[in-house]
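Visitor: Here you go, one structure.
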Amino acid sequence: MAESSSAAPEIEERSLPFFEAAERGVLALQRCQTCGTFLAPVRSRCSSCGGTRIAWAEASGSGRVWSHGRLQRSFLPEHEGKLPLTLVWVELDERVRFASRLAASERAPVRTGDRVSVVFERLADGTPVPVFRRAD
Amino acid sequence: MSTDHPLSSRAAITGLGMTELGRVYGRSATDLAADAVLRALADAGLARSELDGLLINAGISQGVDLSLAQAVGLRDLALQTQMNGYGSSAGQMIGYATLAVAAGLARHVACVFADTPLAPGSRAGQAYGRARAGRRGVASIGPALGFAGPIPYYALHAQRHMDLYGTTQDQLGAVAVSSRAWARKNPLATMREPLDLAGYHASPWIVEPFHILDCCLVSNGAICVIVSAAEQARDLARPPVYVRGFAQAHQLEWDDTAPSLAQRSSAAAFSMAGCKAGDIRTAQIYDCYTFTVIATLEDYGFCKRGEGGAFAASGALGPGGALPTNTGGGMLSAYYMWGMTPVSEAVIQARGDGGERQVDRADLVAVSGNGGIFNYHATLVLSPAAS
């Protein structure tokens, strides 16, 4: 991940472990300590068993493209001049779905079912965010 | 085709009130809602004092609330609440109203949707894109990367269908073209210029595979229906449109291997109505996007899994087709009143009031409502004849 001197953005407290892991290049997910289900963050209760013993865990960062599309129009200032961008909806091997996009370095088109793995990029405000590249 | 379900045909839609719809400025959502309720009462031939139930769905702008009763001048309500199930709200309200009148809690329940997301000079997409901004946490990552508002999610659902089943851009376009063909016959429709596939392809991309013409309109306005106990319905001004079946299904996290919400909801509603998909003569499908129509056609059993695109491209949905669908132009070409768009058109068709767009045998009409990103679903089966 490219270094950045941007001030850390103000992030809601419950999400801090996710972004701290992202700073280290690690994709963190929450995991139910009772039944082992991985959860789409941020939850205070397991969506599978209802348990409340939830902890952050390192995810594999690998998964498959559940679907993809090309963003051609956006109201966000930071998308100006960068469109189109390839959006991907990734189903991680932990069975958690992540709405993200392809890494800026990825040029080849993807298809539903392709294997991908996580890398991190920074938003304009310095926030590290998970994006995906095609797995070899 | 028969049913012994105790709730089938216990209620009927007896009044329909529609305000002007589209780029309607200078009127509050409450004013539009009150107008729709009063129009629906007049349509049914009911006095204000006879209305004893009010269910309100405020839409994205949240501009109408329980003070509506005061605006309409309703003084003696036995039942009143504000509800929200997004695109499934209209079907839900009619379902709850049916339960209420069947149980004797009320006799005539107004179900009203009103929304004013459009302001002069604003772009339609912004009205909905804004609604999801402003989160600071993991949930803000998707929007920051481009998943702003519902369009990207639905576009990616469509792309998955294209990758898995070979659904084509032309087939998505066929839904838009068919809706426009119907809208041209609807005097209230916003978009009435002719549209062919070339025009569809020429429209700007939003999120591939969606052009702007794959996405519904955004509209200001209000629509109200009155749900009456079946025993009361027969003596009113207009022919009753019976609620033969109704059901809901909801799920925030969906599982690709389980039946979809639309499958579950339609199966339950068809079972209550005592019918099968093949008995349905016209479908009014929640068309927030062209792809939603293709997905719902499959889920409701009007065609096989993966064949919704080909079904649409065959001309089945358009005027003269095998399953006339969204016969008022739907939300793609007529007006976006959430689930009240398909509900109002179903009532118009079941009554035989469609004029130039009236379908031949509207004796059994399926209505779908879909909210969230396929998270909330409601189905109605409506008919001019009781079961």
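Starting from 1 in every chain, residues are counted up; chains themselves are A, B, ... following the order of the structure tokens, and ligands are numbered from 1 as listed.
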What lies within 7 Å of Cys111 in chain B using only C-alpha atoms, ignoring chain neighbours under 2 positions off, as a ChimeraX atom specification?
Guide: /B:54-56,93-94,109,224-226
Visitor: Show me which bits of chain A are within 7 Å of chain B, counting only C-alpha atoms, as a PDB file with C-alpha atoms, in the first residue's frame.
Guide:
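Listing of selection27.pdb after writing:
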ATOM      1  CA  ILE A  11     -13.952   6.880  12.049  1.00  0.00           C
ATOM      2  CA  GLU A  12     -16.720   5.497  14.222  1.00  0.00           C
ATOM      3  CA  SER A  15     -14.946   0.214  13.041  1.00  0.00           C
ATOM      4  CA  PRO A  41     -18.785  -5.767   9.975  1.00  0.00           C
ATOM      5  CA  VAL A  42     -19.892  -4.042  12.119  1.00  0.00           C
ATOM      6  CA  SER A  67     -20.640  -9.955  -9.670  1.00  0.00           C
ATOM      7  CA  HIS A  68     -19.095  -6.898 -11.267  1.00  0.00           C
ATOM      8  CA  GLY A  69     -20.028  -3.743 -13.136  1.00  0.00           C
ATOM      9  CA  ARG A  70     -18.549  -0.559 -14.532  1.00  0.00           C
ATOM     10  CA  LEU A  71     -19.238   2.688 -12.737  1.00  0.00           C
ATOM     11  CA  GLN A  72     -19.724   5.278 -15.467  1.00  0.00           C
ATOM     12  CA  ARG A  73     -21.351   8.109 -13.546  1.00  0.00           C
ATOM     13  CA  ALA A  99     -18.893  -4.290  -2.122  1.00  0.00           C
ATOM     14  CA  SER A 100     -15.630  -2.882  -3.465  1.00  0.00           C
ATOM     15  CA  ARG A 101     -13.792  -2.420  -6.723  1.00  0.00           C
ATOM     16  CA  THR A 112     -18.474 -13.644 -12.156  1.00  0.00           C
ATOM     17  CA  VAL A 129      -9.734   0.517   1.988  1.00  0.00           C
TER      18      VAL A 129
END
Visitor: Taking only chain A into account, list the residues labelled helix (DSSP H, G or I) by DSSP (computed from the backbone), as a count of residues only.
Guide: 14
Visitor: Please list as JSON, numbers by chain every residue within 12 Å of range 77-82 of chain B, counting only C-alpha atoms and excluding residues in the same chain fewer than 5 positions away.
Guide: {"B": [48, 49, 50, 51, 52, 53, 54, 55, 56, 57, 58, 59, 62, 63, 64, 65, 66, 67, 68, 69, 70, 72, 89, 90, 92, 93, 96, 97, 99, 100, 101, 104, 105, 106, 107, 108, 109, 110, 111, 112, 113, 114]}
Visitor: Neighbours of Asp235 in chain B within 10 Å (only C-alpha atoms; same-chain residues fewer than 6 positions away dropped), as a ChimeraX atom specification?
Guide: /B:14,44-45
Visitor: If you keep C-alpha atoms, can you produce a file of those selected residues as a short mmCIF file (atom, residue, chain, number, x, y, z; two decimals), in the first residue's frame?
Guide:
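Below is the file that was written, out-v5.cif:
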data_model
loop_
_atom_site.label_atom_id
_atom_site.label_comp_id
_atom_site.auth_asym_id
_atom_site.auth_seq_id
_atom_site.Cartn_x
_atom_site.Cartn_y
_atom_site.Cartn_z
CA THR B 14 -63.00 0.02 -3.61
CA ALA B 44 -65.47 4.81 -3.92
CA GLY B 45 -68.49 6.97 -3.17
#
Visitor: Extract the full set of strand (DSSP E) residues from range 64-288 of chain B according to DSSP on the backbone, and format it as a PyMOL selection string.
Guide: chain B and resi 79-82+108-115+205-208+210-211+221-229+241-250+282-284
Visitor: Let me see the file: selected residues, C-alpha atoms, as a PDB file, in the first residue's frame.
Guide:
ATOM      1  CA  LEU B  79     -56.906   2.150  12.999  1.00  0.00           C
ATOM      2  CA  GLN B  80     -54.001   4.365  12.041  1.00  0.00           C
ATOM      3  CA  THR B  81     -50.270   3.991  11.636  1.00  0.00           C
ATOM      4  CA  GLN B  82     -47.300   4.914   9.518  1.00  0.00           C
ATOM      5  CA  HIS B 108     -62.737   1.037   5.156  1.00  0.00           C
ATOM      6  CA  VAL B 109     -58.979   1.536   5.358  1.00  0.00           C
ATOM      7  CA  ALA B 110     -57.134   4.110   3.234  1.00  0.00           C
ATOM      8  CA  CYS B 111     -53.607   3.047   2.240  1.00  0.00           C
ATOM      9  CA  VAL B 112     -51.657   6.021   0.977  1.00  0.00           C
ATOM     10  CA  PHE B 113     -48.167   6.666  -0.388  1.00  0.00           C
ATOM     11  CA  ALA B 114     -46.875  10.193  -0.883  1.00  0.00           C
ATOM     12  CA  ASP B 115     -43.396  11.442  -1.723  1.00  0.00           C
ATOM     13  CA  TRP B 205     -24.476   4.514 -19.012  1.00  0.00           C
ATOM     14  CA  ILE B 206     -24.873   4.824 -15.248  1.00  0.00           C
ATOM     15  CA  VAL B 207     -23.330   1.581 -13.997  1.00  0.00           C
ATOM     16  CA  GLU B 208     -22.816  -0.997 -16.731  1.00  0.00           C
ATOM     17  CA  PHE B 210     -27.389  -0.273 -16.702  1.00  0.00           C
ATOM     18  CA  HIS B 211     -28.112   2.611 -18.988  1.00  0.00           C
ATOM     19  CA  GLY B 221     -47.079  12.737  -6.038  1.00  0.00           C
ATOM     20  CA  ALA B 222     -49.408  10.517  -4.068  1.00  0.00           C
ATOM     21  CA  ILE B 223     -51.604   7.482  -4.652  1.00  0.00           C
ATOM     22  CA  CYS B 224     -54.240   6.098  -2.302  1.00  0.00           C
ATOM     23  CA  VAL B 225     -56.372   2.969  -2.407  1.00  0.00           C
ATOM     24  CA  ILE B 226     -59.273   2.196  -0.088  1.00  0.00           C
ATOM     25  CA  VAL B 227     -59.507  -1.374   1.179  1.00  0.00           C
ATOM     26  CA  SER B 228     -63.023  -2.284   2.321  1.00  0.00           C
ATOM     27  CA  ALA B 229     -64.531  -5.356   3.908  1.00  0.00           C
ATOM     28  CA  VAL B 241     -61.310  -5.400  -6.933  1.00  0.00           C
ATOM     29  CA  TYR B 242     -60.953  -8.347  -4.589  1.00  0.00           C
ATOM     30  CA  VAL B 243     -57.783  -9.160  -2.710  1.00  0.00           C
ATOM     31  CA  ARG B 244     -57.586 -12.837  -3.616  1.00  0.00           C
ATOM     32  CA  GLY B 245     -54.164 -13.391  -2.111  1.00  0.00           C
ATOM     33  CA  PHE B 246     -51.402 -11.520  -0.323  1.00  0.00           C
ATOM     34  CA  ALA B 247     -48.072 -12.399   1.216  1.00  0.00           C
ATOM     35  CA  GLN B 248     -44.702 -10.986   2.212  1.00  0.00           C
ATOM     36  CA  ALA B 249     -41.155 -12.308   2.502  1.00  0.00           C
ATOM     37  CA  HIS B 250     -38.150 -10.503   3.947  1.00  0.00           C
ATOM     38  CA  THR B 282     -51.522  -9.551 -16.480  1.00  0.00           C
ATOM     39  CA  ALA B 283     -48.603  -8.778 -14.190  1.00  0.00           C
ATOM     40  CA  GLN B 284     -47.801  -5.460 -12.558  1.00  0.00           C
TER      41      GLN B 284
END
Visitor: Between B:Thr325, B:Ser203, B:Ser2, B:Ser61, which residue has the minimum interatomic distance to Ile285 in chain B, considering only C-alpha atoms?
Guide: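 Selected residue with least distance to Ile285 in chain B: B:Thr325.
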Visitor: Which residues are close to Cys46 in chain A, i.e. within 10 Å by only C-alpha atoms, leaving aside same-chain residues fewer than 4 positions away? Reply as a PDB file with all heavy atoms, in the first residue's frame.
Guide:
ATOM      1  N   GLN A  30     -15.345  -9.613  11.579  1.00  0.00           N
ATOM      2  CA  GLN A  30     -15.779 -10.059  12.897  1.00  0.00           C
ATOM      3  C   GLN A  30     -16.156 -11.535  12.808  1.00  0.00           C
ATOM      4  O   GLN A  30     -16.585 -12.026  11.757  1.00  0.00           O
ATOM      5  CB  GLN A  30     -16.988  -9.249  13.347  1.00  0.00           C
ATOM      6  CG  GLN A  30     -16.631  -7.825  13.729  1.00  0.00           C
ATOM      7  CD  GLN A  30     -17.882  -7.050  14.057  1.00  0.00           C
ATOM      8  OE1 GLN A  30     -18.765  -6.947  13.228  1.00  0.00           O
ATOM      9  NE2 GLN A  30     -17.951  -6.509  15.262  1.00  0.00           N
ATOM     10  N   ARG A  31     -15.949 -12.237  13.924  1.00  0.00           N
ATOM     11  CA  ARG A  31     -16.298 -13.652  13.947  1.00  0.00           C
ATOM     12  C   ARG A  31     -17.000 -13.973  15.261  1.00  0.00           C
ATOM     13  O   ARG A  31     -16.559 -13.545  16.326  1.00  0.00           O
ATOM     14  CB  ARG A  31     -15.040 -14.500  13.811  1.00  0.00           C
ATOM     15  CG  ARG A  31     -15.354 -15.962  13.644  1.00  0.00           C
ATOM     16  CD  ARG A  31     -14.131 -16.770  13.313  1.00  0.00           C
ATOM     17  NE  ARG A  31     -14.522 -18.056  12.757  1.00  0.00           N
ATOM     18  CZ  ARG A  31     -13.690 -19.028  12.463  1.00  0.00           C
ATOM     19  NH1 ARG A  31     -12.388 -18.867  12.636  1.00  0.00           N
ATOM     20  NH2 ARG A  31     -14.141 -20.160  11.968  1.00  0.00           N
ATOM     21  N   CYS A  32     -18.075 -14.727  15.129  1.00  0.00           N
ATOM     22  CA  CYS A  32     -18.807 -15.142  16.318  1.00  0.00           C
ATOM     23  C   CYS A  32     -17.988 -16.179  17.073  1.00  0.00           C
ATOM     24  O   CYS A  32     -17.586 -17.191  16.496  1.00  0.00           O
ATOM     25  CB  CYS A  32     -20.169 -15.708  15.922  1.00  0.00           C
ATOM     26  SG  CYS A  32     -21.064 -16.377  17.330  1.00  0.00           S
ATOM     27  N   GLN A  33     -17.751 -15.923  18.349  1.00  0.00           N
ATOM     28  CA  GLN A  33     -16.942 -16.842  19.152  1.00  0.00           C
ATOM     29  C   GLN A  33     -17.749 -18.045  19.617  1.00  0.00           C
ATOM     30  O   GLN A  33     -17.194 -19.002  20.145  1.00  0.00           O
ATOM     31  CB  GLN A  33     -16.363 -16.091  20.357  1.00  0.00           C
ATOM     32  CG  GLN A  33     -15.497 -14.903  19.965  1.00  0.00           C
ATOM     33  CD  GLN A  33     -14.320 -15.305  19.077  1.00  0.00           C
ATOM     34  OE1 GLN A  33     -13.394 -15.956  19.532  1.00  0.00           O
ATOM     35  NE2 GLN A  33     -14.387 -14.954  17.791  1.00  0.00           N
ATOM     36  N   THR A  34     -19.040 -18.005  19.402  1.00  0.00           N
ATOM     37  CA  THR A  34     -19.887 -19.127  19.809  1.00  0.00           C
ATOM     38  C   THR A  34     -20.025 -20.150  18.680  1.00  0.00           C
ATOM     39  O   THR A  34     -19.799 -21.332  18.885  1.00  0.00           O
ATOM     40  CB  THR A  34     -21.287 -18.617  20.218  1.00  0.00           C
ATOM     41  OG1 THR A  34     -21.115 -17.618  21.229  1.00  0.00           O
ATOM     42  CG2 THR A  34     -22.147 -19.751  20.756  1.00  0.00           C
ATOM     43  N   CYS A  35     -20.364 -19.682  17.476  1.00  0.00           N
ATOM     44  CA  CYS A  35     -20.632 -20.640  16.396  1.00  0.00           C
ATOM     45  C   CYS A  35     -19.611 -20.555  15.268  1.00  0.00           C
ATOM     46  O   CYS A  35     -19.653 -21.367  14.342  1.00  0.00           O
ATOM     47  CB  CYS A  35     -22.050 -20.452  15.856  1.00  0.00           C
ATOM     48  SG  CYS A  35     -22.265 -18.985  14.830  1.00  0.00           S
ATOM     49  N   GLY A  36     -18.713 -19.575  15.330  1.00  0.00           N
ATOM     50  CA  GLY A  36     -17.641 -19.521  14.340  1.00  0.00           C
ATOM     51  C   GLY A  36     -17.981 -18.802  13.049  1.00  0.00           C
ATOM     52  O   GLY A  36     -17.136 -18.686  12.159  1.00  0.00           O
ATOM     53  N   THR A  37     -19.221 -18.323  12.922  1.00  0.00           N
ATOM     54  CA  THR A  37     -19.615 -17.637  11.691  1.00  0.00           C
ATOM     55  C   THR A  37     -18.870 -16.306  11.539  1.00  0.00           C
ATOM     56  O   THR A  37     -18.770 -15.540  12.493  1.00  0.00           O
ATOM     57  CB  THR A  37     -21.136 -17.358  11.711  1.00  0.00           C
ATOM     58  OG1 THR A  37     -21.812 -18.610  11.874  1.00  0.00           O
ATOM     59  CG2 THR A  37     -21.606 -16.676  10.434  1.00  0.00           C
ATOM     60  N   PHE A  38     -18.358 -16.060  10.335  1.00  0.00           N
ATOM     61  CA  PHE A  38     -17.783 -14.744  10.031  1.00  0.00           C
ATOM     62  C   PHE A  38     -18.918 -13.781   9.700  1.00  0.00           C
ATOM     63  O   PHE A  38     -19.884 -14.159   9.052  1.00  0.00           O
ATOM     64  CB  PHE A  38     -16.816 -14.845   8.855  1.00  0.00           C
ATOM     65  CG  PHE A  38     -15.473 -15.396   9.225  1.00  0.00           C
ATOM     66  CD1 PHE A  38     -15.232 -16.771   9.152  1.00  0.00           C
ATOM     67  CD2 PHE A  38     -14.454 -14.554   9.659  1.00  0.00           C
ATOM     68  CE1 PHE A  38     -13.990 -17.289   9.498  1.00  0.00           C
ATOM     69  CE2 PHE A  38     -13.215 -15.071   9.998  1.00  0.00           C
ATOM     70  CZ  PHE A  38     -12.978 -16.441   9.931  1.00  0.00           C
ATOM     71  N   LEU A  39     -18.781 -12.539  10.137  1.00  0.00           N
ATOM     72  CA  LEU A  39     -19.868 -11.566   9.992  1.00  0.00           C
ATOM     73  C   LEU A  39     -19.408 -10.370   9.176  1.00  0.00           C
ATOM     74  O   LEU A  39     -18.243  -9.965   9.250  1.00  0.00           O
ATOM     75  CB  LEU A  39     -20.317 -11.077  11.372  1.00  0.00           C
ATOM     76  CG  LEU A  39     -20.709 -12.179  12.366  1.00  0.00           C
ATOM     77  CD1 LEU A  39     -20.885 -11.605  13.763  1.00  0.00           C
ATOM     78  CD2 LEU A  39     -21.993 -12.865  11.909  1.00  0.00           C
ATOM     79  N   ALA A  40     -20.348  -9.793   8.396  1.00  0.00           N
ATOM     80  CA  ALA A  40     -20.044  -8.540   7.706  1.00  0.00           C
ATOM     81  C   ALA A  40     -20.003  -7.442   8.753  1.00  0.00           C
ATOM     82  O   ALA A  40     -20.974  -7.241   9.469  1.00  0.00           O
ATOM     83  CB  ALA A  40     -21.103  -8.258   6.657  1.00  0.00           C
ATOM     84  N   GLY A  50     -27.115 -15.628  16.955  1.00  0.00           N
ATOM     85  CA  GLY A  50     -27.613 -14.629  17.902  1.00  0.00           C
ATOM     86  C   GLY A  50     -26.643 -14.327  19.031  1.00  0.00           C
ATOM     87  O   GLY A  50     -26.936 -13.496  19.888  1.00  0.00           O
ATOM     88  N   GLY A  51     -25.496 -14.994  19.024  1.00  0.00           N
ATOM     89  CA  GLY A  51     -24.516 -14.819  20.102  1.00  0.00           C
ATOM     90  C   GLY A  51     -23.934 -13.415  20.129  1.00  0.00           C
ATOM     91  O   GLY A  51     -23.914 -12.712  19.111  1.00  0.00           O
ATOM     92  N   THR A  52     -23.475 -13.020  21.290  1.00  0.00           N
ATOM     93  CA  THR A  52     -22.924 -11.672  21.442  1.00  0.00           C
ATOM     94  C   THR A  52     -21.423 -11.689  21.703  1.00  0.00           C
ATOM     95  O   THR A  52     -20.813 -10.648  21.912  1.00  0.00           O
ATOM     96  CB  THR A  52     -23.614 -10.926  22.604  1.00  0.00           C
ATOM     97  OG1 THR A  52     -23.514 -11.733  23.785  1.00  0.00           O
ATOM     98  CG2 THR A  52     -25.073 -10.659  22.290  1.00  0.00           C
ATOM     99  N   ARG A  53     -20.816 -12.882  21.724  1.00  0.00           N
ATOM    100  CA  ARG A  53     -19.362 -12.946  21.886  1.00  0.00           C
ATOM    101  C   ARG A  53     -18.747 -12.844  20.496  1.00  0.00           C
ATOM    102  O   ARG A  53     -18.620 -13.823  19.769  1.00  0.00           O
ATOM    103  CB  ARG A  53     -18.959 -14.258  22.576  1.00  0.00           C
ATOM    104  CG  ARG A  53     -19.346 -14.277  24.056  1.00  0.00           C
ATOM    105  CD  ARG A  53     -19.080 -15.637  24.679  1.00  0.00           C
ATOM    106  NE  ARG A  53     -17.712 -16.085  24.444  1.00  0.00           N
ATOM    107  CZ  ARG A  53     -17.383 -17.255  23.880  1.00  0.00           C
ATOM    108  NH1 ARG A  53     -18.322 -18.092  23.492  1.00  0.00           N
ATOM    109  NH2 ARG A  53     -16.119 -17.587  23.713  1.00  0.00           N
ATOM    110  N   ILE A  54     -18.416 -11.597  20.119  1.00  0.00           N
ATOM    111  CA  ILE A  54     -17.935 -11.309  18.772  1.00  0.00           C
ATOM    112  C   ILE A  54     -16.515 -10.770  18.885  1.00  0.00           C
ATOM    113  O   ILE A  54     -16.262  -9.898  19.714  1.00  0.00           O
ATOM    114  CB  ILE A  54     -18.809 -10.227  18.094  1.00  0.00           C
ATOM    115  CG1 ILE A  54     -20.304 -10.562  18.209  1.00  0.00           C
ATOM    116  CG2 ILE A  54     -18.362  -9.984  16.663  1.00  0.00           C
ATOM    117  CD1 ILE A  54     -20.837 -11.462  17.178  1.00  0.00           C
TER     118      ILE A  54
END
Visitor: Please provide the set of residues having any atom within 12 Å of Ser314 in chain B, restricted to only C-alpha atoms, with same-chain residues fewer than 4 positions apart removed, written as a list in words.
Guide: Asp170, Gln171, Leu172, Gly173, Ala174, Val175, Val177, Ser178, Cys303, Glu307, Gly308, Gly309, Ala310, Gly318, Pro319, Gly320, Gly321, Ala322, Leu323 and Pro324 of chain B
